[in-house]
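S.K.: Please find one structure pasted underneath; my questions will follow.
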Amino acid sequence: MNAQQATYLYVEAFVDELARSGVRHACLSPGSRSTPLALMLARNGQIRVWTHIDERSAAFFALGMAMALREPVALLSTSGTAAANFYPAVIEARYGRVPLVVLTADRPHELRDVGSSQAIDQLRLYGPHVKWFAEMAVPEATPDMIRYARTVACRAVATARACPAGPVHLNFPFREPLVPQPVEAPLAPRTAGLWRPHGLDPDADRRPYVIATQGARMVAPSAAAALAEQVASAKRGLIVCGPQDDPQLPRAVTRLAAALAFPVLADPLSGVRCGHHDGTLVIDGYDAFLRDAGLADSLRPDLVLRVGAMPVSKPLMLYLDRHPTAFQVVVDGGDGWRDPTLRAAEVVHADPVPLFEELAARVRGPVADAKWRRLWVELNTTAREALQRQLQAMEGLFEGRVFAELASLLPDGATLFVGNSMPVRDLDGFFPACRRDIRFLANRGASGIDGVVSSALGAAAVTPGPLALVIGDLSFYHDLNGLLAARRFGLDVTVILLNNDGGGIFSFLPQADHPEHFEELFGTPLGIDFAPAVEMYGGRLVRAGSWQQFQVAVRQAMAGGGLVVVEVRTDRRRNVTQHRQAWSAVAEAVRAMTRCGCS
C-alpha cells in the first residue's frame with residue numbers, strides 16, 4: 001500500500017466518524033495542503049460542504065450555523081495564515097459557547113522551521129481559546145492508526161458539544177502527494193479497524209466508533225433543598241435571565257417565577273422575552289426605567305437569581321451593583337464564572353432547567369411580597385406605554401424604533417440576528433415581549449463587530465423560518481465579503497442596515513466630549529454608498545425614508561426571498577438626542593406613577 005492509499009483510508013475513517021458522530025456541515029476554503037480532508041469531506045454523503053473563498057468569512061459562517069443548529073460544525077483551512085484567519089471566530093465560539101470542530105492542515109514535521117513556504121507554528125495556534133487541541137499523527141493505514149483516527153474524531157465532536165460547548169482544534173500534518181488514492185479492494189472492516197462491537201444491535205455499523213454520553217449536571221438533593229430554602233426566604237426576589245440558548249429554559253424559568261411570584265428581567269437573547277410560555281411576570285422595560293437613579297435605589301432586592309451570561313443592559317448591571325447586600329445566586333450549567341459585578345454570593349454549576357424545575361416543586365405557594373411583584377409589573381407597563389407614545393411622537397427615523405417595528409413585522413418562527421455595539425442594545429431597550437416564537441441570535445461571546453454578516457448567513461443557511469439581520473454600517477462594511485455566501489448558496493436574508501455613517505455608539509460615550517479628535521478617532525465616517533456592493537453580490541438595496549416605506553420593504557423582502565438590504569439612514573447626533581428623549585419620557589411616566597401611589 002502506497003502513501004496516497006494510506007492517506008485515503010486514514011482520512012476517510014476520520015471523516016466517516018465525524019458524520020457518524022452527528023456532524024452534518026463543513027465549511028472550508030480552497031487550499032492545497034488541506035486536499036485530503038477537503039476531498040474526503042466532499043465525498044462523504046452525509047456531510048454538506050460549504051466552500052468560502054475568505055477564511056474569516058468561512059469561520060464566522062460556520063459559527064452562525066453551529067449557533068443556529070446547537071450542534072458542532074466542521075471548519076477546514078490549509079496551512080499558514082489561512083488558519084490564523086479563523087482566530088476571531090474561534091475566540092467568539094469559545095466565549096459564546098458555540099461548538100466548532102476546527103481542522104487545520106499543516107506541513108509535516110520535517111518542513112517546519114526550515115523556511116518552507118506557507119509553514120508557520122500551528123501547534124496550539126488558538127491558545128486557551130479552544131477546549132481541546134490535538135496534533136494528529138501523519139496518516140498511516142494500520143488497524144491501530146485507523147482506530148486512532150476514528151477515536152479522535154469521536155472525541156473531538158463530543159468535546160465540542162459537551163457543556164459548556166465550544167471549539168476544538170485538530171492539526172493535520174500531510175506529506176505530498178496530497179491527493180488520496182482510493183484503495184481498489186478496501187480491507188475488511190475488522191482488519192481495517194473499522195469495527196467495534198455494539199452487542200447485537202442491527203444498527204451497530206452506523207453508530208460512532210466511540211459513543212460519548214453526556215449527562216445533565218445536577219446538584220445533590222441536600223444542596224437543592226438548601227437553595228430552595230434560601231430562595232423561599234426572599235420577599236423581594238428577582239430572576240435575571242441573560243443570553244443563553246437552551247430552548248427548554250423559558251418554560252422552566254417562568255414556572256419557577258410563577259411559583260415564587262418573582263419578576264423575571266429577561267434579556268431578549270435569553271429566549272425568555274418572546275415565546276409561547278407564560279409571560280405574566282416577564283419584565284422587558286427594565287433598561288429604560290432602571291436609568292432613573294432614585295427609582296433604582298428604591299427597588300432594593302433581597303435575592304437575585306441569575307442564569308445565562310451577563311445581560312446586555314448597562315442600567316441593569318449598575319442596578320445590581322447598587323445593591324451589594326442582595327444575595328445573588330448565579331446558575332451556570334458549564335464551568336464558567338459569569339459574575340462581572342463580583343457580587344455573587346453563590347455560584348451553582350448545574351443544568352438550570354432541572355434545577356429550576358426542582359426548586360419550583362419544593363416551593364409551597366407564592367414567596368414574594370405581593371406589592372413588590374405588582375410594582376415591577378406596573379413599572380414595566382408604564383415604561384412600555386411611555387416608550388410607545390414617545391416613538392409615535394418622534395419625527396423622522398429613529399434607530400430604536402426599528403426594533404419596535406420589527407416586533408410587529410416578524411412572524412412566528414422568525415429569527416432575528418443582531419449586530420453588536422448599538423443594535424443589540426436597542427434590541428434590549430425597544431423590542432417588547434410577545435407571545436410569538438421569535439429567536440434572537442448575536443455574537444455576544446466576545447461581542448465584536450467583525451464577522452456578523454457571515455454569522456447571520458450561516459444561521460440563515462440552516463434556519464427553516466425567515467431570518468433578518470440588523471447591523472450598523474461599520475460592522476456591515478467590516479464583513480462585506482460575507483455577502484458572497486448569499487449569492488453562492490442562494491440564501492434568503494433580510495438585512496436592516498442602520499447607516500449613521502460611523503461608530504454611533506461613541507456618540508453616547510465620554511469620547512464625544514472631545515470634538516477636536518472625535519470624528520477621526522471614534523466617529524470614523526465612511527461616506528460609502530453600499531448599493532453597488534450589495535448588487536455585486538447579487539442582492540438589492542432599498543432605502544426606507546419613512547416608517548411606511550420601511551414596513552413595506554421588510555414585508556416584501558421576507559416574502560420575496562434572496563438578499564435584500566433595507567437601509568435606514570440616521571444622524572448620529574440626532575440619534576443620541578432621540579434616545580435621551582425616550583428615556584426621559586419613561587422617567588417622567590414612572591415618577592408620575594409612583595407619586596400618585598398607583599402601585
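A note on labels: chains of the C-alpha cells are A, B, ... as shown, every chain counts residues from 1, and ligands are counted from 1 in their shown order.
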Considering only C-alpha atoms, return as a list in words whatever protein or nucleic-acid residues lie within 9 Å of Thr415 of chain A, sequence-local ones (same chain, fewer than 3 positions apart) excluded.

M.R.: Leu410, Asp437, Ile438, Arg439, Phe440, Leu441, Ala459, Ala460, Thr463, Gly465, Pro466, Leu467, Ala468 and Leu469 of chain A

S.K.: Assign secondary structure with DSSP using the backbone only, and return the residues of segment 119-354 of chain A in strand (DSSP E or B) as a compact mmCIF listing (two decimals) with N, CA, C and O atoms, in the first residue's frame.

M.R.:
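Saved result, result27.txt, follows:
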```
# COMPACT_ATOMS: atom_id res chain seq x y z
N TRP A 132 -9.96 21.94 23.50
CA TRP A 132 -9.02 20.82 23.37
C TRP A 132 -8.26 20.97 22.07
O TRP A 132 -8.81 21.38 21.05
N PHE A 133 -6.95 20.69 22.12
CA PHE A 133 -6.11 20.68 20.93
C PHE A 133 -5.42 19.33 20.81
O PHE A 133 -4.99 18.75 21.82
N ALA A 134 -5.29 18.84 19.58
CA ALA A 134 -4.52 17.61 19.33
C ALA A 134 -3.77 17.75 18.02
O ALA A 134 -4.32 18.22 17.01
N GLU A 135 -2.50 17.39 18.04
CA GLU A 135 -1.70 17.28 16.82
C GLU A 135 -1.87 15.87 16.31
O GLU A 135 -1.49 14.90 16.97
N PRO A 167 -15.17 25.43 20.84
CA PRO A 167 -14.36 24.92 19.72
C PRO A 167 -13.27 23.95 20.18
O PRO A 167 -12.74 24.08 21.29
N VAL A 168 -12.95 23.01 19.31
CA VAL A 168 -11.78 22.15 19.49
C VAL A 168 -10.93 22.30 18.23
O VAL A 168 -11.42 22.69 17.18
N HIS A 169 -9.64 21.98 18.34
CA HIS A 169 -8.72 22.19 17.21
C HIS A 169 -7.89 20.94 16.99
O HIS A 169 -7.21 20.45 17.91
N LEU A 170 -7.93 20.42 15.77
CA LEU A 170 -7.10 19.30 15.37
C LEU A 170 -6.20 19.76 14.23
O LEU A 170 -6.69 20.29 13.22
N ASN A 171 -4.90 19.55 14.37
CA ASN A 171 -3.92 19.97 13.36
C ASN A 171 -3.40 18.74 12.62
O ASN A 171 -2.87 17.80 13.24
N PHE A 172 -3.55 18.72 11.28
CA PHE A 172 -3.22 17.55 10.47
C PHE A 172 -1.97 17.79 9.62
O PHE A 172 -2.02 18.56 8.66
N PRO A 173 -0.85 17.18 9.93
CA PRO A 173 0.31 17.27 9.04
C PRO A 173 0.16 16.28 7.88
O PRO A 173 -0.10 15.09 8.10
N HIS A 198 -21.01 -3.59 19.27
CA HIS A 198 -22.09 -2.90 19.96
C HIS A 198 -23.19 -3.92 20.22
O HIS A 198 -24.37 -3.71 19.90
N LEU A 200 -25.65 -6.94 19.81
CA LEU A 200 -26.33 -7.49 18.65
C LEU A 200 -27.16 -6.43 17.94
O LEU A 200 -28.06 -6.76 17.16
N GLY A 237 -37.61 39.18 45.74
CA GLY A 237 -36.70 38.44 44.87
C GLY A 237 -36.88 38.78 43.41
O GLY A 237 -37.92 39.26 42.97
N LEU A 238 -35.81 38.54 42.65
CA LEU A 238 -35.81 38.75 41.21
C LEU A 238 -35.13 37.57 40.53
O LEU A 238 -34.22 36.95 41.10
N ILE A 239 -35.56 37.27 39.30
CA ILE A 239 -34.84 36.35 38.44
C ILE A 239 -34.34 37.15 37.24
O ILE A 239 -35.12 37.87 36.60
N VAL A 240 -33.05 37.06 36.97
CA VAL A 240 -32.44 37.79 35.85
C VAL A 240 -31.94 36.76 34.84
O VAL A 240 -31.11 35.91 35.18
N CYS A 241 -32.44 36.85 33.61
CA CYS A 241 -32.07 35.90 32.56
C CYS A 241 -31.25 36.61 31.50
O CYS A 241 -31.76 37.49 30.79
N VAL A 264 -39.32 38.48 36.37
CA VAL A 264 -38.24 37.94 35.56
C VAL A 264 -37.75 39.03 34.62
O VAL A 264 -38.47 39.44 33.70
N LEU A 265 -36.53 39.51 34.82
CA LEU A 265 -35.93 40.51 33.94
C LEU A 265 -35.24 39.75 32.82
O LEU A 265 -34.21 39.11 33.03
N ALA A 266 -35.83 39.81 31.61
CA ALA A 266 -35.43 38.92 30.53
C ALA A 266 -34.76 39.66 29.39
O ALA A 266 -35.40 40.41 28.66
N CYS A 274 -39.66 36.44 24.48
CA CYS A 274 -40.68 36.11 23.49
C CYS A 274 -40.88 34.61 23.42
O CYS A 274 -39.92 33.84 23.56
N VAL A 282 -42.80 38.41 33.08
CA VAL A 282 -41.63 38.79 32.29
C VAL A 282 -41.57 40.31 32.19
O VAL A 282 -42.51 40.96 31.73
N ILE A 283 -40.46 40.88 32.61
CA ILE A 283 -40.23 42.32 32.60
C ILE A 283 -39.29 42.63 31.43
O ILE A 283 -38.18 42.11 31.37
N LEU A 303 -32.89 39.15 47.15
CA LEU A 303 -32.28 37.99 46.50
C LEU A 303 -32.42 38.14 44.98
O LEU A 303 -33.46 38.56 44.49
N VAL A 304 -31.34 37.80 44.27
CA VAL A 304 -31.34 37.82 42.81
C VAL A 304 -30.82 36.46 42.32
O VAL A 304 -29.72 36.04 42.69
N LEU A 305 -31.64 35.80 41.52
CA LEU A 305 -31.26 34.52 40.92
C LEU A 305 -30.94 34.78 39.46
O LEU A 305 -31.81 35.18 38.68
N ARG A 306 -29.67 34.60 39.06
CA ARG A 306 -29.23 34.89 37.70
C ARG A 306 -28.92 33.61 36.93
O ARG A 306 -28.37 32.66 37.49
N VAL A 307 -29.28 33.61 35.64
CA VAL A 307 -28.96 32.50 34.76
C VAL A 307 -28.55 33.06 33.40
O VAL A 307 -29.06 34.10 32.97
N PHE A 327 -28.60 38.94 48.12
CA PHE A 327 -27.98 37.63 47.99
C PHE A 327 -28.11 37.20 46.52
O PHE A 327 -29.21 36.91 46.06
N GLN A 328 -27.00 37.19 45.80
CA GLN A 328 -27.02 36.85 44.38
C GLN A 328 -26.56 35.41 44.16
O GLN A 328 -25.49 35.02 44.64
N VAL A 329 -27.37 34.67 43.43
CA VAL A 329 -27.06 33.28 43.06
C VAL A 329 -26.92 33.22 41.55
O VAL A 329 -27.84 33.60 40.81
N VAL A 330 -25.77 32.76 41.08
CA VAL A 330 -25.52 32.61 39.64
C VAL A 330 -25.57 31.13 39.29
O VAL A 330 -24.81 30.33 39.87
N VAL A 331 -26.45 30.76 38.39
CA VAL A 331 -26.60 29.36 37.97
C VAL A 331 -25.99 29.22 36.58
O VAL A 331 -26.37 29.92 35.64
N ALA A 344 -21.68 37.93 43.38
CA ALA A 344 -22.31 36.64 43.62
C ALA A 344 -21.97 36.12 45.01
O ALA A 344 -20.81 36.10 45.41
N ALA A 345 -23.01 35.68 45.71
CA ALA A 345 -22.80 35.01 46.99
C ALA A 345 -22.69 33.50 46.81
O ALA A 345 -22.11 32.81 47.64
N GLU A 346 -23.25 33.01 45.71
CA GLU A 346 -23.21 31.57 45.45
C GLU A 346 -23.22 31.34 43.95
O GLU A 346 -24.00 31.97 43.22
N VAL A 347 -22.34 30.47 43.47
CA VAL A 347 -22.32 30.06 42.07
C VAL A 347 -22.68 28.58 42.02
O VAL A 347 -22.01 27.75 42.65
N VAL A 348 -23.75 28.26 41.31
CA VAL A 348 -24.24 26.88 41.24
C VAL A 348 -23.94 26.34 39.84
O VAL A 348 -24.50 26.81 38.85
```

S.K.: Given only C-alpha atoms as the basis, pick out the residue of A:Ala66, A:Asp16, A:Ala26, A:Arg555 nearest to Asn44 of chain A.

M.R.: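 Of A:Ala66, A:Asp16, A:Ala26, A:Arg555, the one nearest Asn44 of chain A is A:Asp16, counting only C-alpha atoms.
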
S.K.: If we count only C-alpha atoms and set the cut-off at 9 Å, which residues sit around segment 488-490 of chain A, ignoring sequence neighbours fewer than 2 positions away in its own chain? Please answer as an NGL selection string.

M.R.: :A and (50-52 or 461 or 484-486 or 492 or 537 or 562-563)

S.K.: Using only C-alpha atoms, which protein or nucleic acid residues come within 12 Å of segment 546-548 of chain A? Drop anything in the same chain fewer than 2 positions from it, and give the result as a ChimeraX atom specification.

M.R.: /A:391-392,394-399,401-406,409,542-544,550-555,566-570

S.K.: Those selected residues, please, written with C-alpha atoms and delivered as a PDB file, in the first residue's frame.

M.R.:
```pdb
ATOM      1  CA  LEU A 391     -41.761  56.584  19.457  1.00  0.00           C
ATOM      2  CA  GLN A 392     -45.009  57.552  17.765  1.00  0.00           C
ATOM      3  CA  MET A 394     -40.897  61.368  17.119  1.00  0.00           C
ATOM      4  CA  GLU A 395     -40.439  62.864  13.694  1.00  0.00           C
ATOM      5  CA  GLY A 396     -38.296  61.069  11.164  1.00  0.00           C
ATOM      6  CA  LEU A 397     -36.463  57.781  11.510  1.00  0.00           C
ATOM      7  CA  PHE A 398     -35.069  56.597  14.851  1.00  0.00           C
ATOM      8  CA  GLU A 399     -32.819  53.576  15.300  1.00  0.00           C
ATOM      9  CA  ARG A 401     -37.967  52.313  16.673  1.00  0.00           C
ATOM     10  CA  VAL A 402     -36.599  49.836  14.129  1.00  0.00           C
ATOM     11  CA  PHE A 403     -36.935  47.131  16.790  1.00  0.00           C
ATOM     12  CA  ALA A 404     -40.409  48.196  17.839  1.00  0.00           C
ATOM     13  CA  GLU A 405     -41.430  47.945  14.180  1.00  0.00           C
ATOM     14  CA  LEU A 406     -39.798  44.523  13.785  1.00  0.00           C
ATOM     15  CA  LEU A 409     -43.365  42.636  11.354  1.00  0.00           C
ATOM     16  CA  VAL A 542     -33.825  49.535  -0.711  1.00  0.00           C
ATOM     17  CA  ARG A 543     -33.670  52.864   1.124  1.00  0.00           C
ATOM     18  CA  ALA A 544     -36.508  53.465   3.564  1.00  0.00           C
ATOM     19  CA  PHE A 550     -39.710  50.525   5.995  1.00  0.00           C
ATOM     20  CA  GLN A 551     -42.704  48.309   6.736  1.00  0.00           C
ATOM     21  CA  VAL A 552     -43.379  47.661   3.060  1.00  0.00           C
ATOM     22  CA  ALA A 553     -39.698  46.968   2.305  1.00  0.00           C
ATOM     23  CA  VAL A 554     -39.290  44.478   5.165  1.00  0.00           C
ATOM     24  CA  ARG A 555     -42.516  42.617   4.344  1.00  0.00           C
ATOM     25  CA  VAL A 566     -33.174  47.702   3.759  1.00  0.00           C
ATOM     26  CA  GLU A 567     -31.132  50.793   4.568  1.00  0.00           C
ATOM     27  CA  VAL A 568     -32.270  53.167   7.312  1.00  0.00           C
ATOM     28  CA  ARG A 569     -30.196  56.337   7.290  1.00  0.00           C
ATOM     29  CA  THR A 570     -29.932  58.268  10.547  1.00  0.00           C
TER      30      THR A 570
END
```
